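Next up, coords.cif (mmCIF, C-alpha atoms and all ligand atoms):
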data_work
loop_
_atom_site.group_PDB
_atom_site.id
_atom_site.type_symbol
_atom_site.label_atom_id
_atom_site.label_comp_id
_atom_site.auth_asym_id
_atom_site.auth_seq_id
_atom_site.Cartn_x
_atom_site.Cartn_y
_atom_site.Cartn_z
ATOM 1 C CA MET A 15 9.572 -25.756 31.006
ATOM 2 C CA THR A 16 6.340 -24.707 29.292
ATOM 3 C CA LYS A 17 6.226 -21.280 27.705
ATOM 4 C CA ARG A 18 3.623 -18.716 26.902
ATOM 5 C CA ILE A 19 3.890 -17.743 23.248
ATOM 6 C CA LEU A 20 2.467 -14.281 22.644
ATOM 7 C CA LEU A 21 1.704 -13.456 19.004
ATOM 8 C CA ALA A 22 1.571 -9.793 18.016
ATOM 9 C CA ALA A 23 -1.454 -8.639 16.069
ATOM 10 C CA PRO A 24 -1.276 -7.172 13.546
ATOM 11 C CA ARG A 25 1.778 -8.897 12.086
ATOM 12 C CA GLY A 26 2.915 -10.209 8.713
ATOM 13 C CA PHE A 27 1.547 -9.399 5.281
ATOM 14 C CA CYS A 28 0.285 -5.891 4.591
ATOM 15 C CA ALA A 29 -2.112 -4.945 1.801
ATOM 16 C CA GLY A 30 0.738 -3.735 -0.450
ATOM 17 C CA VAL A 31 2.585 -7.055 -0.211
ATOM 18 C CA GLU A 32 -0.594 -9.093 -0.757
ATOM 19 C CA ARG A 33 -1.339 -7.030 -3.827
ATOM 20 C CA ALA A 34 2.195 -7.370 -5.238
ATOM 21 C CA ILE A 35 2.181 -11.165 -4.820
ATOM 22 C CA GLU A 36 -1.263 -11.419 -6.390
ATOM 23 C CA ILE A 37 -0.108 -9.314 -9.333
ATOM 24 C CA VAL A 38 2.688 -11.777 -10.087
ATOM 25 C CA GLU A 39 0.411 -14.810 -9.676
ATOM 26 C CA ARG A 40 -2.340 -13.336 -11.866
ATOM 27 C CA ALA A 41 0.157 -12.241 -14.505
ATOM 28 C CA ILE A 42 1.541 -15.787 -14.715
ATOM 29 C CA GLU A 43 -2.025 -17.101 -14.985
ATOM 30 C CA LYS A 44 -2.974 -14.587 -17.666
ATOM 31 C CA PHE A 45 0.187 -14.483 -19.802
ATOM 32 C CA GLY A 46 1.738 -17.844 -18.940
ATOM 33 C CA PRO A 47 5.324 -18.231 -17.743
ATOM 34 C CA PRO A 48 7.830 -16.745 -17.863
ATOM 35 C CA VAL A 49 6.795 -13.433 -16.364
ATOM 36 C CA TYR A 50 9.791 -11.254 -15.507
ATOM 37 C CA VAL A 51 9.995 -9.454 -12.183
ATOM 38 C CA ARG A 52 12.504 -6.659 -11.735
ATOM 39 C CA HIS A 53 14.177 -7.144 -8.334
ATOM 40 C CA GLU A 54 12.645 -9.016 -5.391
ATOM 41 C CA ILE A 55 8.913 -8.348 -5.635
ATOM 42 C CA VAL A 56 8.940 -7.988 -1.824
ATOM 43 C CA HIS A 57 11.840 -8.535 0.557
ATOM 44 C CA ASN A 58 11.294 -12.159 1.503
ATOM 45 C CA ARG A 59 13.149 -15.084 -0.009
ATOM 46 C CA HIS A 60 10.336 -17.561 0.723
ATOM 47 C CA VAL A 61 7.884 -15.431 -1.211
ATOM 48 C CA VAL A 62 10.371 -14.984 -4.045
ATOM 49 C CA GLN A 63 11.090 -18.723 -4.258
ATOM 50 C CA GLY A 64 7.363 -19.554 -4.201
ATOM 51 C CA LEU A 65 6.759 -17.241 -7.167
ATOM 52 C CA ARG A 66 9.850 -18.541 -8.970
ATOM 53 C CA ASP A 67 8.372 -22.044 -8.666
ATOM 54 C CA GLN A 68 5.198 -20.780 -10.352
ATOM 55 C CA GLY A 69 7.094 -19.308 -13.319
ATOM 56 C CA ALA A 70 8.349 -15.878 -12.288
ATOM 57 C CA VAL A 71 11.857 -14.979 -13.446
ATOM 58 C CA PHE A 72 13.577 -12.439 -11.213
ATOM 59 C CA ILE A 73 15.956 -10.074 -12.986
ATOM 60 C CA ASP A 74 18.285 -7.288 -11.869
ATOM 61 C CA GLU A 75 18.329 -5.334 -15.127
ATOM 62 C CA LEU A 76 15.663 -4.795 -17.776
ATOM 63 C CA GLU A 77 18.139 -5.983 -20.446
ATOM 64 C CA GLU A 78 17.574 -9.511 -19.116
ATOM 65 C CA ALA A 79 13.941 -9.434 -20.299
ATOM 66 C CA PRO A 80 13.401 -10.062 -24.023
ATOM 67 C CA SER A 81 11.724 -7.272 -25.957
ATOM 68 C CA GLY A 82 7.931 -7.636 -25.896
ATOM 69 C CA SER A 83 7.894 -9.632 -22.637
ATOM 70 C CA ASN A 84 5.879 -8.890 -19.505
ATOM 71 C CA VAL A 85 7.827 -7.241 -16.685
ATOM 72 C CA ILE A 86 6.551 -6.516 -13.202
ATOM 73 C CA PHE A 87 8.093 -3.778 -11.066
ATOM 74 C CA SER A 88 8.425 -4.480 -7.350
ATOM 75 C CA ALA A 89 6.275 -3.198 -4.471
ATOM 76 C CA HIS A 90 9.007 -0.700 -3.527
ATOM 77 C CA GLY A 91 8.462 1.488 -6.611
ATOM 78 C CA VAL A 92 10.966 2.439 -9.296
ATOM 79 C CA PRO A 93 12.544 5.659 -10.639
ATOM 80 C CA GLU A 94 10.905 7.294 -13.659
ATOM 81 C CA SER A 95 13.966 6.346 -15.722
ATOM 82 C CA VAL A 96 13.085 2.649 -15.350
ATOM 83 C CA PHE A 97 9.680 3.229 -16.950
ATOM 84 C CA SER A 98 11.353 5.056 -19.861
ATOM 85 C CA ALA A 99 13.932 2.303 -20.289
ATOM 86 C CA ALA A 100 11.166 -0.334 -20.320
ATOM 87 C CA ALA A 101 9.227 1.619 -22.948
ATOM 88 C CA GLU A 102 12.360 1.874 -25.116
ATOM 89 C CA ARG A 103 12.816 -1.902 -24.919
ATOM 90 C CA GLY A 104 9.170 -2.505 -25.842
ATOM 91 C CA LEU A 105 8.360 -4.255 -22.553
ATOM 92 C CA ASN A 106 4.833 -4.636 -21.246
ATOM 93 C CA VAL A 107 5.074 -3.182 -17.739
ATOM 94 C CA ILE A 108 2.861 -4.012 -14.787
ATOM 95 C CA ASP A 109 3.660 -1.808 -11.809
ATOM 96 C CA ALA A 110 3.274 -3.584 -8.448
ATOM 97 C CA ALA A 111 4.419 -0.520 -6.473
ATOM 98 C CA CYS A 112 2.356 -0.165 -3.321
ATOM 99 C CA PRO A 113 -0.233 2.621 -3.675
ATOM 100 C CA LEU A 114 1.158 4.154 -0.469
ATOM 101 C CA VAL A 115 4.596 4.401 -2.082
ATOM 102 C CA LYS A 116 3.000 5.901 -5.203
ATOM 103 C CA LYS A 117 1.384 8.508 -2.960
ATOM 104 C CA VAL A 118 4.871 9.559 -1.816
ATOM 105 C CA HIS A 119 5.992 9.718 -5.471
ATOM 106 C CA PHE A 120 3.099 12.077 -6.275
ATOM 107 C CA ALA A 121 3.944 14.227 -3.246
ATOM 108 C CA VAL A 122 7.590 14.548 -4.330
ATOM 109 C CA LYS A 123 6.532 15.657 -7.815
ATOM 110 C CA ARG A 124 3.931 18.080 -6.447
ATOM 111 C CA HIS A 125 6.501 19.739 -4.185
ATOM 112 C CA ALA A 126 8.900 20.114 -7.097
ATOM 113 C CA THR A 127 6.162 21.681 -9.236
ATOM 114 C CA GLN A 128 5.483 24.133 -6.406
ATOM 115 C CA GLN A 129 9.183 25.040 -6.350
ATOM 116 C CA ARG A 130 9.893 23.357 -3.004
ATOM 117 C CA LEU A 131 13.160 21.546 -2.490
ATOM 118 C CA VAL A 132 12.422 18.021 -1.228
ATOM 119 C CA VAL A 133 14.206 16.469 1.746
ATOM 120 C CA LEU A 134 13.589 12.725 1.773
ATOM 121 C CA ILE A 135 13.930 10.953 5.112
ATOM 122 C CA GLY A 136 15.053 7.418 4.400
ATOM 123 C CA HIS A 137 17.842 4.874 4.158
ATOM 124 C CA LYS A 138 20.386 5.343 1.398
ATOM 125 C CA GLY A 139 20.304 2.540 -1.151
ATOM 126 C CA HIS A 140 16.959 1.038 -0.107
ATOM 127 C CA PRO A 141 14.956 0.322 -3.294
ATOM 128 C CA GLU A 142 12.038 2.475 -2.133
ATOM 129 C CA VAL A 143 14.393 5.423 -1.565
ATOM 130 C CA VAL A 144 16.016 4.886 -4.963
ATOM 131 C CA GLY A 145 12.539 4.874 -6.530
ATOM 132 C CA THR A 146 11.350 7.974 -4.695
ATOM 133 C CA MET A 147 14.506 9.978 -5.413
ATOM 134 C CA GLY A 148 14.206 8.909 -9.037
ATOM 135 C CA GLN A 149 10.874 10.731 -9.432
ATOM 136 C CA LEU A 150 12.880 13.922 -9.951
ATOM 137 C CA PRO A 151 16.066 14.645 -11.902
ATOM 138 C CA GLU A 152 19.249 13.382 -10.282
ATOM 139 C CA GLY A 153 20.596 15.611 -7.515
ATOM 140 C CA SER A 154 17.303 17.400 -6.825
ATOM 141 C CA VAL A 155 16.284 15.484 -3.664
ATOM 142 C CA ILE A 156 18.255 15.772 -0.409
ATOM 143 C CA LEU A 157 18.409 12.501 1.512
ATOM 144 C CA VAL A 158 18.742 12.385 5.305
ATOM 145 C CA GLY A 159 18.870 9.163 7.289
ATOM 146 C CA THR A 160 19.425 10.198 10.907
ATOM 147 C CA PRO A 161 18.612 13.091 13.288
ATOM 148 C CA GLU A 162 22.301 14.029 13.164
ATOM 149 C CA GLU A 163 22.203 14.277 9.371
ATOM 150 C CA ALA A 164 19.034 16.384 9.609
ATOM 151 C CA ARG A 165 20.916 18.787 11.911
ATOM 152 C CA THR A 166 24.024 19.031 9.746
ATOM 153 C CA VAL A 167 23.064 18.487 6.100
ATOM 154 C CA SER A 168 23.870 21.435 3.881
ATOM 155 C CA LEU A 169 20.716 23.268 2.770
ATOM 156 C CA PRO A 170 20.754 26.014 0.141
ATOM 157 C CA GLU A 171 19.679 29.540 1.121
ATOM 158 C CA GLY A 172 16.586 31.232 -0.247
ATOM 159 C CA ARG A 173 14.568 28.102 -0.983
ATOM 160 C CA GLN A 174 11.295 26.696 0.277
ATOM 161 C CA PHE A 175 11.458 23.137 1.568
ATOM 162 C CA ALA A 176 9.232 20.094 1.986
ATOM 163 C CA TYR A 177 9.955 16.662 3.392
ATOM 164 C CA THR A 178 8.655 13.194 2.616
ATOM 165 C CA THR A 179 9.677 9.902 4.169
ATOM 166 C CA GLN A 180 10.276 6.283 3.303
ATOM 167 C CA THR A 181 7.168 4.324 4.365
ATOM 168 C CA THR A 182 8.888 1.721 6.521
ATOM 169 C CA LEU A 183 10.997 3.632 9.047
ATOM 170 C CA SER A 184 11.056 3.685 12.831
ATOM 171 C CA VAL A 185 8.172 5.809 14.134
ATOM 172 C CA ASP A 186 10.368 7.270 16.898
ATOM 173 C CA GLU A 187 13.376 8.051 14.742
ATOM 174 C CA THR A 188 11.229 9.620 12.031
ATOM 175 C CA ARG A 189 9.685 11.933 14.630
ATOM 176 C CA GLU A 190 13.158 12.956 15.819
ATOM 177 C CA ILE A 191 14.334 13.649 12.284
ATOM 178 C CA ILE A 192 11.243 15.734 11.491
ATOM 179 C CA GLU A 193 11.747 17.713 14.701
ATOM 180 C CA ALA A 194 15.388 18.335 13.800
ATOM 181 C CA LEU A 195 14.369 19.582 10.344
ATOM 182 C CA ARG A 196 11.649 21.812 11.799
ATOM 183 C CA GLU A 197 14.159 23.385 14.180
ATOM 184 C CA ARG A 198 16.239 24.438 11.188
ATOM 185 C CA ILE A 199 13.356 25.250 8.813
ATOM 186 C CA PRO A 200 10.195 25.984 10.857
ATOM 187 C CA GLU A 201 8.102 26.553 7.716
ATOM 188 C CA ILE A 202 9.048 23.249 6.027
ATOM 189 C CA SER A 203 5.988 21.428 4.584
ATOM 190 C CA GLY A 204 5.246 17.775 5.167
ATOM 191 C CA PRO A 205 2.907 15.350 6.932
ATOM 192 C CA ALA A 206 3.184 15.660 10.753
ATOM 193 C CA LYS A 207 4.193 12.019 11.264
ATOM 194 C CA GLY A 208 5.885 11.525 7.933
ATOM 195 C CA ASP A 209 4.672 9.071 5.296
ATOM 196 C CA LEU A 210 5.039 5.927 7.390
ATOM 197 C CA CYS A 211 2.407 3.478 6.235
ATOM 198 C CA TYR A 212 -0.330 1.995 8.394
ATOM 199 C CA ALA A 213 1.351 -1.445 8.369
ATOM 200 C CA THR A 214 4.690 -0.106 9.616
ATOM 201 C CA THR A 215 3.012 1.977 12.320
ATOM 202 C CA ASN A 216 0.617 -0.756 13.497
ATOM 203 C CA ARG A 217 3.284 -3.493 13.688
ATOM 204 C CA GLN A 218 5.572 -1.240 15.726
ATOM 205 C CA SER A 219 2.717 -0.207 17.976
ATOM 206 C CA ALA A 220 1.824 -3.884 18.648
ATOM 207 C CA VAL A 221 5.434 -4.619 19.682
ATOM 208 C CA ARG A 222 5.375 -1.610 21.976
ATOM 209 C CA GLY A 223 2.077 -2.738 23.489
ATOM 210 C CA MET A 224 3.084 -6.341 24.140
ATOM 211 C CA ALA A 225 6.601 -5.475 25.355
ATOM 212 C CA PRO A 226 5.799 -5.355 29.115
ATOM 213 C CA GLU A 227 4.577 -8.983 28.937
ATOM 214 C CA VAL A 228 7.469 -10.361 26.903
ATOM 215 C CA ASP A 229 10.886 -11.732 27.977
ATOM 216 C CA VAL A 230 12.266 -12.266 24.485
ATOM 217 C CA LEU A 231 11.081 -11.118 21.056
ATOM 218 C CA LEU A 232 11.408 -13.189 17.881
ATOM 219 C CA VAL A 233 10.832 -11.313 14.632
ATOM 220 C CA ILE A 234 10.209 -13.352 11.494
ATOM 221 C CA GLY A 235 11.344 -11.752 8.247
ATOM 222 C CA SER A 236 14.303 -10.997 6.032
ATOM 223 C CA ARG A 237 17.205 -8.787 7.016
ATOM 224 C CA SER A 238 16.779 -6.853 3.763
ATOM 225 C CA SER A 239 13.243 -5.879 4.842
ATOM 226 C CA SER A 240 13.275 -2.406 6.367
ATOM 227 C CA ASN A 241 10.029 -2.637 8.350
ATOM 228 C CA THR A 242 11.115 -6.024 9.750
ATOM 229 C CA SER A 243 14.491 -4.745 10.935
ATOM 230 C CA ARG A 244 12.762 -1.805 12.622
ATOM 231 C CA LEU A 245 10.617 -4.262 14.662
ATOM 232 C CA ARG A 246 13.707 -6.024 16.012
ATOM 233 C CA GLU A 247 15.383 -2.696 16.797
ATOM 234 C CA LEU A 248 12.270 -1.503 18.614
ATOM 235 C CA GLY A 249 12.205 -4.636 20.786
ATOM 236 C CA GLU A 250 15.833 -4.031 21.689
ATOM 237 C CA LYS A 251 15.187 -0.368 22.413
ATOM 238 C CA LEU A 252 12.406 -1.427 24.781
ATOM 239 C CA GLY A 253 14.918 -3.545 26.674
ATOM 240 C CA ILE A 254 13.909 -6.978 25.337
ATOM 241 C CA ALA A 255 16.410 -9.422 23.848
ATOM 242 C CA SER A 256 15.239 -9.403 20.219
ATOM 243 C CA TYR A 257 16.184 -11.648 17.307
ATOM 244 C CA LEU A 258 15.412 -11.508 13.615
ATOM 245 C CA LEU A 259 15.114 -14.829 11.815
ATOM 246 C CA ASP A 260 14.072 -15.910 8.355
ATOM 247 C CA GLN A 261 12.521 -19.196 9.446
ATOM 248 C CA ALA A 262 11.953 -21.441 12.481
ATOM 249 C CA ASP A 263 15.118 -23.534 12.220
ATOM 250 C CA GLU A 264 17.257 -20.412 12.685
ATOM 251 C CA ALA A 265 15.921 -19.974 16.237
ATOM 252 C CA ASP A 266 18.554 -20.860 18.817
ATOM 253 C CA PRO A 267 16.783 -22.604 21.755
ATOM 254 C CA ALA A 268 19.181 -20.791 24.130
ATOM 255 C CA TRP A 269 17.505 -17.490 23.157
ATOM 256 C CA PHE A 270 14.342 -18.434 25.052
ATOM 257 C CA ALA A 271 15.461 -21.205 27.422
ATOM 258 C CA GLU A 272 14.891 -18.999 30.473
ATOM 259 C CA ALA A 273 11.956 -16.977 29.095
ATOM 260 C CA THR A 274 8.457 -17.302 30.513
ATOM 261 C CA THR A 275 6.775 -15.417 27.650
ATOM 262 C CA ILE A 276 8.113 -15.456 24.102
ATOM 263 C CA GLY A 277 6.801 -12.651 21.913
ATOM 264 C CA ILE A 278 6.558 -13.265 18.166
ATOM 265 C CA THR A 279 5.896 -10.814 15.371
ATOM 266 C CA SER A 280 6.641 -10.732 11.659
ATOM 267 C CA GLY A 281 7.435 -8.128 9.047
ATOM 268 C CA ALA A 282 5.023 -6.986 6.366
ATOM 269 C CA SER A 283 6.581 -9.283 3.754
ATOM 270 C CA ALA A 284 6.749 -12.469 5.871
ATOM 271 C CA PRO A 285 4.178 -15.232 5.241
ATOM 272 C CA GLU A 286 2.133 -16.417 8.226
ATOM 273 C CA SER A 287 3.227 -20.033 7.578
ATOM 274 C CA LEU A 288 6.707 -19.061 8.841
ATOM 275 C CA VAL A 289 5.244 -17.759 12.092
ATOM 276 C CA GLN A 290 3.252 -20.950 12.558
ATOM 277 C CA GLY A 291 6.425 -22.977 11.859
ATOM 278 C CA LEU A 292 8.169 -21.099 14.648
ATOM 279 C CA VAL A 293 5.270 -21.696 17.054
ATOM 280 C CA GLU A 294 5.433 -25.430 16.265
ATOM 281 C CA ARG A 295 9.189 -25.495 16.849
ATOM 282 C CA ILE A 296 8.834 -23.831 20.253
ATOM 283 C CA GLN A 297 6.052 -26.259 21.160
ATOM 284 C CA GLN A 298 8.255 -29.199 20.168
ATOM 285 C CA LEU A 299 11.086 -27.874 22.313
ATOM 286 C CA HIS A 300 8.726 -26.977 25.160
ATOM 287 C CA PRO A 301 5.697 -29.308 25.047
ATOM 288 C CA GLY A 302 2.527 -27.845 26.532
ATOM 289 C CA SER A 303 3.425 -24.240 25.658
ATOM 290 C CA VAL A 304 0.312 -22.134 25.161
ATOM 291 C CA VAL A 305 -0.363 -19.577 22.445
ATOM 292 C CA ASP A 306 -1.985 -16.199 23.123
ATOM 293 C CA THR A 307 -2.471 -13.127 20.948
ATOM 294 C CA TRP A 308 -1.739 -9.530 21.895
ATOM 295 C CA ALA A 309 -4.402 -7.766 19.864
ATOM 296 C CA GLY A 310 -3.598 -4.256 18.689
ATOM 297 C CA ILE A 311 -5.199 -2.252 15.903
ATOM 298 C CA ALA A 312 -7.411 -4.331 13.596
ATOM 299 C CA GLU A 313 -6.497 -3.879 9.932
ATOM 300 C CA ASN A 314 -8.906 -3.975 7.062
ATOM 301 C CA VAL A 315 -6.947 -2.503 4.178
ATOM 302 C CA HIS A 316 -7.142 -3.823 0.646
ATOM 303 C CA PHE A 317 -5.703 -2.326 -2.521
ATOM 304 C CA PRO A 318 -7.297 -3.071 -5.902
ATOM 305 C CA LEU A 319 -5.261 -4.809 -8.602
ATOM 306 C CA PRO A 320 -4.158 -2.961 -11.735
ATOM 307 C CA ARG A 321 -7.006 -2.906 -14.269
ATOM 308 C CA GLU A 322 -5.354 -5.344 -16.713
ATOM 309 C CA LEU A 323 -5.229 -8.041 -14.012
ATOM 310 C CA ALA A 324 -8.397 -7.313 -12.022
HETATM 311 S S1 LIG B 1 4.884 -1.956 4.126
HETATM 312 FE FE1 LIG B 1 3.451 -0.262 3.805
HETATM 313 S S2 LIG B 1 4.220 0.862 2.034
HETATM 314 FE FE2 LIG B 1 5.259 -1.144 2.071
HETATM 315 S S3 LIG B 1 3.992 -2.456 0.765
HETATM 316 FE FE3 LIG B 1 3.218 -2.687 2.850
HETATM 317 S S4 LIG B 1 1.539 -1.170 3.040
HETATM 318 FE FE4 LIG B 1 2.767 -0.624 1.258
#
Using the file provided, produce a representation of the structure as structure tokens.
Amino acid sequence: MTKRILLAAPRGFCAGVERAIEIVERAIEKFGPPVYVRHEIVHNRHVVQGLRDQGAVFIDELEEAPSGSNVIFSAHGVPESVFSAAAERGLNVIDAACPLVKKVHFAVKRHATQQRLVVLIGHKGHPEVVGTMGQLPEGSVILVGTPEEARTVSLPEGRQFAYTTQTTLSVDETREIIEALRERIPEISGPAKGDLCYATTNRQSAVRGMAPEVDVLLVIGSRSSSNTSRLRELGEKLGIASYLLDQADEADPAWFAEATTIGITSGASAPESLVQGLVERIQQLHPGSVVDTWAGIAENVHFPLPRELA
């Protein structure tokens, strides 16, 4: 049975991921291998392996990088303490944190300077959340992850509050959490829709737009990627059987055996080659399947490289 394959647009790499990958590649070119990268530069094992093949060495702790070596920090941003630790070890740091994450870091610091207590909306343990919380001394940011937590978290009396958000959350859930906070603290400061980035918002909006035409949704990306997981959850919430897969050979043909239209999207850290591999696999299983695009918001965002690599 032939299928219609409907590709979401926009999908895949965002400007922050493109920039982070280019930083690692240029650093290897400029300094020669090895270049150390603290944590996964972006949450995708294909990207990480590709950079490893070029000479990047991924480390968990700064102690693994010899003094004087070049160390790149990931796109998710790091706590202030990591910069201090790198300086103490005499490491040459290149920060690949996405400028949109840095914007959240500046906001957190500004609120603290203005004596506002910061409530961060985000997922506990995610590297971006660890980095954002680490802009202020330990214990001075309140983290909430769900509307329920926003309704019940203990908030000190007599303080002014502000909220910021992780950049890669669900648009709908973030709105609910902000509403719950505003019910408790009507004067709380913060951006109306949170700090969700354009890539997160646009990829979710494309899934929402294509949903009425789609019988099953396949999302390419890694489980550790927050924005990717939110795309699969959104598909499910819209009533479509939705699957997250790292690469084409993980697709179970039974998922789409009965489908007329198969929707495909990919997270902001997933290379387009993986999407094309999935399209080819479906076409092999269902010869004659046609490919269409559901075109949402056109993106034209580009972030400059750090000066030392530009
Ligand atoms: S998903 Fe958004 S915040 Fe994260 S790297 Fe991409 S543009 Fe930046």
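Residues with any atom within 9 Å of segment 305-318 of chain A, counting all atoms listed in the file and excluding same-chain neighbours fewer than 2 positions away, are Lys17, Arg18, Ile19, Leu20, Leu21, Ala22, Ala23, Pro24, Cys28, Ala29, Gly30, Glu32, Arg33, Cys112, Pro113, Tyr212, Ala213, Asn216, Arg217, Ser219, Ala220, Val221, Gly223, Met224, Val293, Ser303, Pro320, Arg321 and Ala324 of chain A.
The coordinates place atom CA of Tyr177 of chain A at 10.0 Å from atom CA of Arg196 of chain A.
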Given the PyMOL selection byres (((chain A and resi 186) around 12) and not hetatm), the residues it picks as a PyMOL selection string: chain A and resi 160-161+182-185+187-193+207-208+210+214-215+218-219+222+244-245+247-248+251-252
Coordinates of box centre and edge lengths for ligand LIG 1 (chain B), 3 Å on every side, axis-aligned, as lines of an AutoDock Vina configuration file:
center_x = 3.4
center_y = -0.9
center_z = 2.4
size_x = 9.7
size_y = 9.5
size_z = 9.4
Neighbour residues at most 8 Å from (14.0, 16.1, -7.7) (only C-alpha atoms) as a PyMOL selection string: chain A and resi 122-123+126+131-132+147-155
Requested write-out: C-alpha atoms of the selected residues, as a compact mmCIF listing (two decimals), in the coordinates of the input:
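See result-v9.txt below for the written result:
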# COMPACT_ATOMS: atom_id res chain seq x y z
CA VAL A 122 7.59 14.55 -4.33
CA LYS A 123 6.53 15.66 -7.82
CA ALA A 126 8.90 20.11 -7.10
CA LEU A 131 13.16 21.55 -2.49
CA VAL A 132 12.42 18.02 -1.23
CA MET A 147 14.51 9.98 -5.41
CA GLY A 148 14.21 8.91 -9.04
CA GLN A 149 10.87 10.73 -9.43
CA LEU A 150 12.88 13.92 -9.95
CA PRO A 151 16.07 14.64 -11.90
CA GLU A 152 19.25 13.38 -10.28
CA GLY A 153 20.60 15.61 -7.52
CA SER A 154 17.30 17.40 -6.82
CA VAL A 155 16.28 15.48 -3.66
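Proximity ranking of A:Gln180, A:Ser280, A:Ser256, A:Ser287 relative to ligand LIG 1 (chain B) places A:Gln180 first, based on only C-alpha atoms and all ligand atoms.
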Counting all atoms listed in the file, the option among A:Leu258, A:Leu114, A:Val289, A:Ala41 closest to ligand LIG 1 (chain B):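 The answer is A:Leu114, which sits nearest to ligand LIG 1 (chain B).
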Best match for closeness to Ile276 of chain A among A:Thr127, A:Thr146, A:Ser203, A:Thr16, counting only C-alpha atoms: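 Among the listed residues, the smallest separation from Ile276 of chain A belongs to A:Thr16.
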Separation of atom S3 of ligand LIG 1 (chain B) from atom CA of Lys116 of chain A in Å: 10.3 Å
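Across A:Val51, A:Leu292, A:Ala121, A:Ala89, the tightest approach to ligand LIG 1 (chain B) is made by A:Ala89 when counting only C-alpha atoms and all ligand atoms.
Comparing the minimum interatomic distances between Gly139 of chain A and each of A:Arg173, A:His90, A:Arg103, A:His119, counting only C-alpha atoms, we find that A:His90 sits nearest.
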The PyMOL selection byres (((chain A and resi 230) around 8) and not hetatm) resolved against shown file, as a PyMOL selection string: chain A and resi 228-229+231-232+254-256+269-270+273+275-277
Using all atoms listed in the file: which of A:Ile202, A:Ala284, A:Leu134, A:Ile42 has the shortest distance to ligand LIG 1 (chain B):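 Going through A:Ile202, A:Ala284, A:Leu134, A:Ile42 one by one, the smallest distance to ligand LIG 1 (chain B) is for A:Ala284.
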Explicit residues for the PyMOL selection byres (((chain A and resi 95) around 10) and not hetatm) (as a PyMOL selection string): chain A and resi 92-94+96-101+145+148-151
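Computed from the coordinates, the atom CA of Leu65 of chain A to atom CA of Glu39 of chain A distance equals 7.2 Å.
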Selection: 8 Å around Arg52 of chain A, all atoms listed in the file, excl. self and same-chain fewer than 3 positions, as number ranges by chain: A: 55, 72-76, 85-88
